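Structure below is input-v1.txt: compact mmCIF, C-alpha atoms.
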# COMPACT_ATOMS: atom_id res chain seq x y z
CA MET D 1 39.88 -163.07 11.68
CA SER D 2 41.30 -160.06 13.53
CA THR D 3 44.93 -159.05 13.04
CA LEU D 4 45.61 -159.92 16.67
CA LEU D 5 44.20 -163.41 16.22
CA GLU D 6 46.25 -163.86 13.06
CA ASP D 7 49.40 -162.82 14.92
CA LEU D 8 48.73 -165.23 17.78
CA HIS D 9 47.89 -168.08 15.40
CA ALA D 10 51.22 -167.46 13.67
CA GLN D 11 53.02 -167.80 17.02
CA ALA D 12 50.90 -170.66 18.37
CA ASP D 13 52.97 -173.67 17.29
CA ALA D 14 55.79 -172.95 19.75
CA PHE D 15 53.32 -172.69 22.62
CA ILE D 16 51.42 -175.79 21.53
CA ASP D 17 54.75 -177.63 21.70
CA LEU D 18 55.27 -176.13 25.14
CA ARG D 19 51.80 -177.23 26.23
CA ARG D 20 52.47 -180.78 25.07
CA ASP D 21 55.81 -180.80 26.89
CA ILE D 22 54.03 -179.82 30.11
CA HIS D 23 51.38 -182.46 29.38
CA ARG D 24 54.10 -185.09 29.01
CA HIS D 25 55.56 -184.14 32.40
CA PRO D 26 52.56 -183.59 34.71
CA GLU D 27 53.04 -182.68 38.36
CA LEU D 28 50.60 -182.78 41.26
CA GLY D 29 49.71 -179.83 43.48
CA PHE D 30 52.66 -178.17 45.27
CA ASP D 31 55.00 -180.46 43.33
CA GLU D 32 55.04 -178.41 40.12
CA HIS D 33 58.81 -177.84 40.28
CA ARG D 34 59.61 -178.51 36.63
CA THR D 35 56.58 -176.61 35.38
CA SER D 36 57.16 -173.57 37.56
CA ALA D 37 60.85 -173.48 36.60
CA LEU D 38 59.88 -173.59 32.92
CA VAL D 39 57.40 -170.74 33.42
CA ALA D 40 59.85 -168.61 35.41
CA GLU D 41 62.65 -169.07 32.87
CA ARG D 42 60.42 -167.98 30.00
CA LEU D 43 59.13 -164.91 31.83
CA GLU D 44 62.63 -163.84 32.85
CA ALA D 45 63.87 -164.23 29.28
CA TRP D 46 61.07 -161.93 28.09
CA GLY D 47 61.90 -159.19 30.58
CA TYR D 48 59.43 -159.82 33.40
CA GLU D 49 60.31 -159.27 37.04
CA VAL D 50 59.81 -162.79 38.42
CA GLU D 51 59.24 -164.23 41.87
CA ARG D 52 59.53 -167.98 42.27
CA GLY D 53 58.23 -170.14 45.10
CA LEU D 54 55.28 -168.01 46.18
CA GLY D 55 52.78 -170.40 47.74
CA GLY D 56 55.32 -173.21 47.45
CA THR D 57 55.68 -173.62 43.69
CA GLY D 58 53.79 -170.57 42.43
CA VAL D 59 55.34 -168.07 40.03
CA VAL D 60 54.50 -164.39 39.62
CA GLY D 61 55.70 -162.30 36.70
CA ARG D 62 55.33 -158.51 36.64
CA LEU D 63 55.79 -156.14 33.72
CA VAL D 64 55.52 -152.37 34.22
CA ARG D 65 55.24 -149.97 31.29
CA GLY D 66 54.66 -146.24 31.05
CA ASP D 67 53.21 -144.15 33.83
CA GLY D 68 49.75 -145.76 33.98
CA GLU D 69 48.45 -146.39 37.49
CA ARG D 70 46.10 -149.28 36.76
CA ARG D 71 47.14 -152.78 37.84
CA LEU D 72 45.85 -155.95 36.17
CA GLY D 73 46.18 -159.55 37.31
CA LEU D 74 45.82 -162.62 35.06
CA ARG D 75 45.94 -166.11 36.58
CA ALA D 76 46.58 -169.63 35.25
CA ASP D 77 46.76 -172.92 37.18
CA MET D 78 49.57 -175.47 36.70
CA ASP D 79 48.80 -178.70 38.58
CA ALA D 80 47.77 -182.11 37.26
CA LEU D 81 45.55 -184.87 38.68
CA PRO D 82 46.23 -188.34 40.16
CA ILE D 83 44.79 -190.20 37.14
CA ASP D 84 46.30 -192.79 34.76
CA GLU D 85 46.15 -191.34 31.25
CA ALA D 86 44.38 -193.39 28.58
CA THR D 87 44.58 -191.10 25.54
CA GLY D 88 47.33 -192.97 23.68
CA LEU D 89 48.64 -189.63 22.43
CA PRO D 90 52.32 -189.33 21.45
CA TYR D 91 52.74 -186.69 24.16
CA ALA D 92 50.81 -188.62 26.82
CA SER D 93 51.95 -188.49 30.43
CA SER D 94 55.30 -190.10 31.15
CA HIS D 95 54.44 -190.30 34.86
CA ALA D 96 52.32 -193.27 35.91
CA GLY D 97 49.21 -192.25 37.84
CA VAL D 98 49.51 -188.54 37.02
CA MET D 99 48.02 -186.66 34.06
CA HIS D 100 46.82 -183.25 32.96
CA ALA D 101 43.15 -184.26 32.93
CA CYS D 102 41.77 -180.75 33.48
CA GLY D 103 43.68 -178.66 30.94
CA HIS D 104 45.93 -176.73 33.29
CA ASP D 105 48.76 -177.41 30.84
CA GLY D 106 46.71 -175.50 28.28
CA HIS D 107 45.88 -172.65 30.65
CA THR D 108 49.59 -172.23 31.41
CA ALA D 109 50.51 -172.28 27.70
CA ILE D 110 47.81 -169.71 26.89
CA LEU D 111 49.04 -167.26 29.51
CA LEU D 112 52.66 -167.77 28.46
CA ALA D 113 51.76 -167.09 24.82
CA ALA D 114 50.01 -163.89 25.90
CA ALA D 115 52.97 -162.96 28.13
CA HIS D 116 55.38 -163.30 25.21
CA HIS D 117 53.25 -161.19 22.88
CA LEU D 118 52.68 -158.49 25.52
CA ALA D 119 56.39 -158.33 26.32
CA GLU D 120 57.37 -157.94 22.68
CA ARG D 121 54.50 -155.97 21.21
CA GLY D 122 52.08 -155.06 23.97
CA ARG D 123 50.63 -151.55 23.86
CA PHE D 124 49.77 -150.64 27.42
CA SER D 125 50.66 -148.33 30.26
CA GLY D 126 50.44 -149.69 33.78
CA THR D 127 51.29 -152.85 35.72
CA LEU D 128 50.64 -156.34 34.37
CA THR D 129 50.86 -159.17 36.91
CA LEU D 130 50.79 -162.77 35.72
CA ILE D 131 50.01 -165.39 38.39
CA PHE D 132 50.88 -169.03 37.75
CA GLN D 133 49.22 -170.87 40.61
CA PRO D 134 49.94 -174.30 42.07
CA ALA D 135 47.51 -176.79 43.56
CA GLU D 136 44.12 -175.71 42.28
CA GLU D 137 42.85 -179.30 42.39
CA GLY D 138 41.80 -179.35 46.01
CA GLY D 139 45.07 -178.07 47.45
CA GLY D 140 44.01 -174.46 47.84
CA GLY D 141 47.05 -173.03 46.09
CA ALA D 142 45.31 -169.68 45.67
CA LEU D 143 44.91 -169.35 49.44
CA ARG D 144 48.54 -170.37 50.00
CA MET D 145 49.76 -167.67 47.60
CA MET D 146 47.53 -165.07 49.24
CA GLU D 147 48.66 -166.07 52.73
CA GLN D 148 52.23 -165.52 51.58
CA GLY D 149 51.44 -161.99 50.44
CA LEU D 150 50.34 -162.27 46.81
CA PHE D 151 48.14 -159.18 46.74
CA ASP D 152 50.24 -157.30 49.29
CA LYS D 153 53.30 -157.61 47.06
CA TYR D 154 51.39 -157.42 43.78
CA PRO D 155 48.23 -155.34 44.30
CA CYS D 156 45.67 -155.62 41.51
CA ASP D 157 42.68 -153.45 40.62
CA ALA D 158 41.08 -156.41 38.87
CA ILE D 159 41.92 -160.05 38.25
CA PHE D 160 40.78 -162.53 35.61
CA ALA D 161 41.12 -166.27 34.93
CA MET D 162 40.05 -168.68 32.18
CA HIS D 163 39.18 -172.39 32.12
CA ASN D 164 38.45 -174.70 29.22
CA MET D 165 35.01 -176.29 29.01
CA PRO D 166 34.34 -179.60 27.18
CA GLY D 167 30.85 -179.74 25.69
CA LEU D 168 31.06 -176.10 24.59
CA GLU D 169 31.91 -175.24 20.98
CA GLN D 170 35.69 -174.98 20.58
CA GLY D 171 36.91 -171.42 21.00
CA ARG D 172 33.59 -170.00 22.19
CA LEU D 173 33.92 -167.71 25.20
CA ALA D 174 31.29 -167.97 27.93
CA LEU D 175 30.94 -165.38 30.69
CA ARG D 176 28.66 -165.00 33.68
CA GLU D 177 27.98 -162.21 36.13
CA GLY D 178 27.35 -163.17 39.76
CA PRO D 179 27.72 -166.64 41.32
CA ALA D 180 29.38 -168.78 38.67
CA MET D 181 30.78 -171.82 40.51
CA ALA D 182 29.74 -173.56 43.69
CA SER D 183 31.30 -173.73 47.11
CA SER D 184 32.59 -177.15 48.16
CA ASP D 185 32.59 -178.48 51.70
CA TYR D 186 33.34 -181.97 52.95
CA ALA D 187 32.43 -183.96 56.04
CA THR D 188 33.38 -187.30 57.55
CA VAL D 189 30.70 -188.68 59.87
CA THR D 190 31.73 -191.38 62.31
CA LEU D 191 28.92 -193.27 64.04
CA ALA D 192 29.92 -195.10 67.21
CA GLY D 193 27.49 -197.83 68.30
CA ILE D 194 27.63 -201.08 70.20
CA GLY D 195 28.65 -204.09 68.15
CA GLY D 196 27.43 -207.60 68.60
CA HIS D 197 26.02 -210.78 67.10
CA GLY D 198 23.77 -210.37 64.10
CA ALA D 199 21.31 -212.78 65.67
CA MET D 200 20.88 -210.60 68.76
CA PRO D 201 20.44 -207.03 67.46
CA HIS D 202 18.50 -206.01 70.57
CA ARG D 203 21.75 -206.15 72.52
CA THR D 204 23.52 -203.73 70.15
CA ALA D 205 23.27 -200.14 68.96
CA ASP D 206 23.53 -200.72 65.20
CA PRO D 207 25.50 -197.97 63.38
CA ILE D 208 24.60 -199.40 59.96
CA VAL D 209 20.88 -198.87 60.46
CA ALA D 210 21.62 -195.37 61.76
CA ALA D 211 23.84 -194.68 58.72
CA ALA D 212 21.13 -195.86 56.33
CA SER D 213 18.56 -193.61 57.97
CA ILE D 214 20.94 -190.65 57.91
CA VAL D 215 21.64 -191.13 54.19
CA MET D 216 17.93 -191.00 53.43
CA ALA D 217 17.21 -188.15 55.84
CA LEU D 218 19.97 -186.02 54.30
CA GLN D 219 18.00 -185.93 51.06
CA THR D 220 15.40 -183.78 52.81
CA VAL D 221 17.93 -181.04 53.54
CA VAL D 222 17.86 -179.94 49.90
CA SER D 223 14.22 -180.77 49.26
CA ARG D 224 12.76 -179.25 52.43
CA ASN D 225 15.25 -176.82 53.99
CA ILE D 226 16.57 -174.93 50.93
CA ASP D 227 14.66 -172.53 48.68
CA PRO D 228 13.69 -174.53 45.55
CA LEU D 229 15.07 -171.69 43.40
CA GLN D 230 18.52 -172.06 44.95
CA MET D 231 21.13 -174.67 43.97
CA ALA D 232 22.29 -177.11 46.63
CA VAL D 233 23.88 -180.56 46.53
CA VAL D 234 24.37 -183.02 49.39
CA THR D 235 26.11 -186.20 48.24
CA VAL D 236 27.02 -189.19 50.40
CA GLY D 237 29.84 -190.58 48.30
CA ALA D 238 31.05 -193.37 50.59
CA VAL D 239 29.72 -195.56 53.40
CA HIS D 240 32.05 -197.90 55.28
CA ALA D 241 30.85 -200.39 57.88
CA GLY D 242 31.23 -204.04 58.79
CA LYS D 243 32.94 -207.05 57.25
CA ALA D 244 30.67 -210.01 57.94
CA ASN D 245 26.94 -210.72 57.45
CA ASN D 246 26.43 -211.98 61.00
CA VAL D 247 28.32 -209.23 62.86
CA ILE D 248 26.89 -205.87 63.77
CA PRO D 249 29.94 -203.57 63.69
CA GLN D 250 30.98 -201.07 66.33
CA ASN D 251 31.35 -198.15 63.90
CA ALA D 252 30.19 -196.81 60.55
CA THR D 253 31.62 -193.95 58.52
CA LEU D 254 30.01 -191.71 55.90
CA GLU D 255 31.79 -189.30 53.54
CA LEU D 256 29.83 -186.23 52.40
CA SER D 257 30.30 -183.62 49.70
CA VAL D 258 28.24 -180.42 49.97
CA ARG D 259 27.87 -177.66 47.37
CA ALA D 260 26.00 -174.37 47.03
CA LEU D 261 25.92 -171.26 44.82
CA ASP D 262 24.98 -168.86 47.61
CA ARG D 263 26.91 -168.04 50.80
CA ASP D 264 23.77 -168.07 52.97
CA VAL D 265 22.64 -171.39 51.49
CA ARG D 266 26.10 -172.78 52.21
CA SER D 267 25.76 -171.81 55.88
CA ARG D 268 22.23 -173.20 56.07
CA LEU D 269 23.36 -176.53 54.62
CA GLU D 270 26.07 -176.93 57.27
CA GLU D 271 23.64 -176.03 60.05
CA ARG D 272 20.90 -178.43 58.94
CA ILE D 273 23.23 -181.33 58.08
CA LYS D 274 24.89 -181.24 61.48
CA ALA D 275 21.59 -180.95 63.34
CA LEU D 276 19.95 -183.74 61.35
CA ILE D 277 22.86 -186.15 61.80
CA ALA D 278 22.99 -185.52 65.56
CA ALA D 279 19.24 -186.06 65.95
CA GLN D 280 19.17 -189.18 63.80
CA ALA D 281 22.14 -190.70 65.63
CA GLU D 282 20.54 -190.07 69.01
CA SER D 283 17.31 -191.67 67.89
CA PHE D 284 19.20 -194.90 67.14
CA GLY D 285 21.24 -194.85 70.34
CA VAL D 286 24.57 -194.20 68.60
CA LYS D 287 26.97 -191.28 68.87
CA ALA D 288 27.91 -189.14 65.89
CA GLN D 289 31.18 -187.31 65.42
CA ILE D 290 31.25 -184.87 62.48
CA ASP D 291 34.54 -183.70 60.97
CA TRP D 292 33.43 -180.72 58.83
CA ARG D 293 36.08 -179.44 56.40
CA PRO D 294 35.37 -176.15 54.60
CA GLY D 295 36.53 -176.28 50.99
CA TYR D 296 36.40 -173.64 48.28
CA ALA D 297 34.17 -170.58 48.47
CA VAL D 298 31.38 -169.65 46.07
CA LEU D 299 32.99 -168.08 43.01
CA VAL D 300 31.30 -164.72 42.38
CA ASN D 301 32.11 -162.65 39.29
CA THR D 302 31.75 -158.92 39.91
CA PRO D 303 29.41 -156.94 37.61
CA GLN D 304 31.74 -154.20 36.33
CA GLU D 305 34.64 -156.53 35.58
CA THR D 306 32.40 -159.10 33.92
CA ALA D 307 30.84 -156.41 31.73
CA PHE D 308 34.35 -155.37 30.70
CA ALA D 309 35.35 -158.98 30.01
CA ARG D 310 32.25 -159.38 27.82
CA GLU D 311 33.18 -156.29 25.79
CA VAL D 312 36.64 -157.70 25.14
CA ALA D 313 35.19 -161.08 24.09
CA LEU D 314 32.75 -159.43 21.69
CA GLU D 315 35.49 -157.26 20.20
CA LEU D 316 37.72 -160.28 19.62
CA LEU D 317 35.22 -162.89 18.39
CA GLY D 318 31.90 -161.18 17.67
CA PRO D 319 28.50 -162.01 19.20
CA GLU D 320 28.12 -165.32 17.35
CA ARG D 321 30.99 -166.86 19.37
CA VAL D 322 30.31 -165.37 22.79
CA THR D 323 27.83 -166.46 25.48
CA LEU D 324 27.08 -163.39 27.55
CA GLN D 325 25.43 -165.05 30.58
CA ALA D 326 26.31 -168.73 30.80
CA PRO D 327 24.69 -171.09 33.31
CA ALA D 328 26.38 -171.46 36.68
CA LEU D 329 28.37 -174.64 37.30
CA PRO D 330 28.22 -176.93 40.37
CA GLY D 331 31.99 -177.50 40.22
CA SER D 332 34.37 -175.54 42.45
CA GLU D 333 37.43 -173.35 41.87
CA ASP D 334 39.88 -171.80 44.30
CA PHE D 335 40.08 -168.67 42.14
CA ALA D 336 36.98 -167.89 44.24
CA PHE D 337 39.30 -166.88 47.09
CA MET D 338 41.10 -164.39 44.88
CA LEU D 339 37.76 -162.90 43.86
CA GLU D 340 36.93 -162.40 47.55
CA ARG D 341 39.94 -160.08 47.75
CA VAL D 342 39.99 -158.46 44.29
CA PRO D 343 37.13 -157.73 41.87
CA GLY D 344 37.27 -159.73 38.69
CA SER D 345 35.78 -162.42 36.51
CA TYR D 346 36.30 -166.07 35.61
CA LEU D 347 35.35 -167.14 32.08
CA LEU D 348 35.20 -170.34 30.06
CA ILE D 349 36.61 -171.21 26.65
CA GLY D 350 34.95 -174.08 24.78
CA ASN D 351 37.11 -177.19 24.38
CA GLY D 352 34.83 -178.84 21.81
CA ASP D 353 31.34 -180.30 21.53
CA GLY D 354 29.47 -183.13 19.84
CA ASP D 355 31.74 -186.01 18.85
CA SER D 356 34.89 -183.91 18.74
CA HIS D 357 38.06 -184.94 20.54
CA GLY D 358 37.76 -181.95 22.87
CA ALA D 359 34.31 -182.94 24.13
CA CYS D 360 35.68 -185.53 26.59
CA MET D 361 34.92 -184.22 30.08
CA VAL D 362 37.68 -183.05 32.40
CA HIS D 363 38.94 -185.40 35.13
CA ASN D 364 38.58 -188.27 32.64
CA PRO D 365 41.51 -190.52 31.60
CA GLY D 366 40.70 -189.77 27.94
CA TYR D 367 40.68 -185.98 28.25
CA ASP D 368 43.04 -183.67 26.34
CA PHE D 369 43.19 -179.90 26.03
CA ASN D 370 42.24 -178.54 22.60
CA ASP D 371 45.35 -176.91 21.11
CA GLY D 372 43.18 -174.75 18.87
CA ASN D 373 42.47 -172.67 21.96
CA VAL D 374 46.06 -171.57 22.58
CA ALA D 375 45.91 -168.74 20.03
CA ILE D 376 42.33 -167.70 20.88
CA GLY D 377 42.91 -167.70 24.62
CA ALA D 378 46.20 -165.81 24.29
CA ALA D 379 44.64 -163.23 21.96
CA TYR D 380 41.87 -162.69 24.50
CA TRP D 381 44.37 -162.05 27.32
CA VAL D 382 46.39 -159.68 25.13
CA LEU D 383 43.34 -157.67 24.12
CA LEU D 384 41.98 -157.60 27.68
CA ALA D 385 45.34 -156.39 29.03
CA GLU D 386 45.66 -153.68 26.41
CA ARG D 387 42.12 -152.46 26.92
CA PHE D 388 42.37 -152.48 30.73
CA LEU D 389 45.80 -150.81 30.77
CA ARG D 390 45.12 -148.21 28.11

Written as structure tokens, that's how I'd like the structure from this file.
Amino acid sequence: MSTLLEDLHAQADAFIDLRRDIHRHPELGFDEHRTSALVAERLEAWGYEVERGLGGTGVVGRLVRGDGERRLGLRADMDALPIDEATGLPYASSHAGVMHACGHDGHTAILLAAAHHLAERGRFSGTLTLIFQPAEEGGGGALRMMEQGLFDKYPCDAIFAMHNMPGLEQGRLALREGPAMASSDYATVTLAGIGGHGAMPHRTADPIVAAASIVMALQTVVSRNIDPLQMAVVTVGAVHAGKANNVIPQNATLELSVRALDRDVRSRLEERIKALIAAQAESFGVKAQIDWRPGYAVLVNTPQETAFAREVALELLGPERVTLQAPALPGSEDFAFMLERVPGSYLLIGNGDGDSHGACMVHNPGYDFNDGNVAIGAAYWVLLAERFLR
């Protein structure tokens, strides 16, 4: 074990306690008042210049040392999810219907542990900017912070973020150059027909039949309109129509989720989905209204910064505990918006595999962050900061 890892392991207990305190008091996106106050108070006590309330409940801490001109950004997310916790842990959520089911409590604790070490013992020259972001879980907190001047006030030459990954060996670091996480777009399709008696369908324009045909036709968008070597997902997650077996309803509604790992594929999906729905609806004599809601962008890790992040991982853990080019993931992340403005890389840290406690998937009522990652994650951020800000 490296000296740095030993040092961070020696300091880890206090930050594990902090992580569990945050876990016990989860807060949803843009409501992270207690968490952001806790973060800001710690950073101020350690000598960081702190701005509170950026993007609503976001916190930024800046530490400048020496005369170095390089500027590094490190980001952690803070929000929880609207899920009832079922772990039975002594530090389980005290808020009904809200829990840290994605490990953002752990990400925050990791970055705070690194912040403390860098403030007390960090060897660097330049500007270190720590970004504690609200509302990653669908709220677009990254965009809100950027709209309120994040990178205008705190310019960065590169930016990095880390997320835990159940199913991956605990503590293993996994990196990927290029597209790493998918875009996410959403659509609500409302079909307006002519309702009537179920015994006289010829006097109606049935939106249920049209909806059924559209659901099946949408499957051909991926299979026939997208390059087979490209990733694309079109999911109809909800269909709502009718209340009685002998009544043809006036309307039907479909809810769609659309994902891609390529910006051009993302555009093609929107184009084909809209055209197909319109044509199908017309063929059944109903009218379609499509409410298309762009979500998160494709997350693309830049080559130079990812190569640097790999070097740091290898230096810290050695090749046996580092995956140099991990598979892309179909999930989405609003850190993608930050990477559209600033070069950087997003990496994963294994939360546990096999039958281990940490293998429970995120967004599950039984999930918990693996506390063994606090020291490893913090040591990685410390080493990355010191190498980038030599």

Practice prompt. Find, counting all atoms listed in the file, the residue in D:Asn301, D:Leu389, D:Leu81, D:Ala199 that gets nearest to Gly66 in chain D.
Written response: D:Leu389

Worksheet item: Residues at most 12 Å from range 280-293 of chain D, counting only C-alpha atoms, excluding those fewer than 6 positions away in the same chain, as a VMD selection string?
Response: chain D and resid 138 183 to 195 202 to 218 249 to 258 269 to 274

Produce a file of the selected residues containing C-alpha atoms, as a PDB file, keeping the file's coordinate frame.
ATOM      1  CA  GLY D 138      41.800-179.350  46.010  1.00  0.00           C
ATOM      2  CA  SER D 183      31.300-173.730  47.110  1.00  0.00           C
ATOM      3  CA  SER D 184      32.590-177.150  48.160  1.00  0.00           C
ATOM      4  CA  ASP D 185      32.590-178.480  51.700  1.00  0.00           C
ATOM      5  CA  TYR D 186      33.340-181.970  52.950  1.00  0.00           C
ATOM      6  CA  ALA D 187      32.430-183.960  56.040  1.00  0.00           C
ATOM      7  CA  THR D 188      33.380-187.300  57.550  1.00  0.00           C
ATOM      8  CA  VAL D 189      30.700-188.680  59.870  1.00  0.00           C
ATOM      9  CA  THR D 190      31.730-191.380  62.310  1.00  0.00           C
ATOM     10  CA  LEU D 191      28.920-193.270  64.040  1.00  0.00           C
ATOM     11  CA  ALA D 192      29.920-195.100  67.210  1.00  0.00           C
ATOM     12  CA  GLY D 193      27.490-197.830  68.300  1.00  0.00           C
ATOM     13  CA  ILE D 194      27.630-201.080  70.200  1.00  0.00           C
ATOM     14  CA  GLY D 195      28.650-204.090  68.150  1.00  0.00           C
ATOM     15  CA  HIS D 202      18.500-206.010  70.570  1.00  0.00           C
ATOM     16  CA  ARG D 203      21.750-206.150  72.520  1.00  0.00           C
ATOM     17  CA  THR D 204      23.520-203.730  70.150  1.00  0.00           C
ATOM     18  CA  ALA D 205      23.270-200.140  68.960  1.00  0.00           C
ATOM     19  CA  ASP D 206      23.530-200.720  65.200  1.00  0.00           C
ATOM     20  CA  PRO D 207      25.500-197.970  63.380  1.00  0.00           C
ATOM     21  CA  ILE D 208      24.600-199.400  59.960  1.00  0.00           C
ATOM     22  CA  VAL D 209      20.880-198.870  60.460  1.00  0.00           C
ATOM     23  CA  ALA D 210      21.620-195.370  61.760  1.00  0.00           C
ATOM     24  CA  ALA D 211      23.840-194.680  58.720  1.00  0.00           C
ATOM     25  CA  ALA D 212      21.130-195.860  56.330  1.00  0.00           C
ATOM     26  CA  SER D 213      18.560-193.610  57.970  1.00  0.00           C
ATOM     27  CA  ILE D 214      20.940-190.650  57.910  1.00  0.00           C
ATOM     28  CA  VAL D 215      21.640-191.130  54.190  1.00  0.00           C
ATOM     29  CA  MET D 216      17.930-191.000  53.430  1.00  0.00           C
ATOM     30  CA  ALA D 217      17.210-188.150  55.840  1.00  0.00           C
ATOM     31  CA  LEU D 218      19.970-186.020  54.300  1.00  0.00           C
ATOM     32  CA  PRO D 249      29.940-203.570  63.690  1.00  0.00           C
ATOM     33  CA  GLN D 250      30.980-201.070  66.330  1.00  0.00           C
ATOM     34  CA  ASN D 251      31.350-198.150  63.900  1.00  0.00           C
ATOM     35  CA  ALA D 252      30.190-196.810  60.550  1.00  0.00           C
ATOM     36  CA  THR D 253      31.620-193.950  58.520  1.00  0.00           C
ATOM     37  CA  LEU D 254      30.010-191.710  55.900  1.00  0.00           C
ATOM     38  CA  GLU D 255      31.790-189.300  53.540  1.00  0.00           C
ATOM     39  CA  LEU D 256      29.830-186.230  52.400  1.00  0.00           C
ATOM     40  CA  SER D 257      30.300-183.620  49.700  1.00  0.00           C
ATOM     41  CA  VAL D 258      28.240-180.420  49.970  1.00  0.00           C
ATOM     42  CA  LEU D 269      23.360-176.530  54.620  1.00  0.00           C
ATOM     43  CA  GLU D 270      26.070-176.930  57.270  1.00  0.00           C
ATOM     44  CA  GLU D 271      23.640-176.030  60.050  1.00  0.00           C
ATOM     45  CA  ARG D 272      20.900-178.430  58.940  1.00  0.00           C
ATOM     46  CA  ILE D 273      23.230-181.330  58.080  1.00  0.00           C
ATOM     47  CA  LYS D 274      24.890-181.240  61.480  1.00  0.00           C
TER      48      LYS D 274
END

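Among the candidates D:Val59, D:Val98, D:Ala309, D:Val39, the residue lying nearest to Met162 in chain D is D:Ala309 (atoms considered: all atoms listed in the file).
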
Discussion item. What's around range 133-135 of chain D at 12 Å? Count all atoms listed in the file, leave out sequence neighbours fewer than 2 positions away in its own chain, and write the answer as number ranges by chain.
Written reply: D: 27-36, 39, 52-61, 74-81, 104-105, 107-108, 111, 130-131, 137-146, 150, 161, 333-335, 338

Worksheet item: Hey, what's within 10 Å of range 310-314 of chain D if we count all atoms listed in the file and toss same-chain stuff fewer than 5 positions away? As number ranges by chain, please?
Response: D: 172-177, 304-305, 319-325, 345, 347, 379-388

Fill in: For Ala119 in chain D: contacts at 10 Å, all atoms listed in the file, fewer than 3 positions along chain excluded, given as a list in words
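What passes the distance filter is Leu43, Ala45, Trp46, Gly47, Tyr48, Leu63, Val64, Arg65, Ala114, Ala115, His116, Gly122 and Arg123 of chain D.
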
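With only C-alpha atoms as the atoms that count, the minimum distance from Thr87 in chain D to the choices D:His23, D:Ala307, D:Arg70, D:Asp264 is reached by D:His23.
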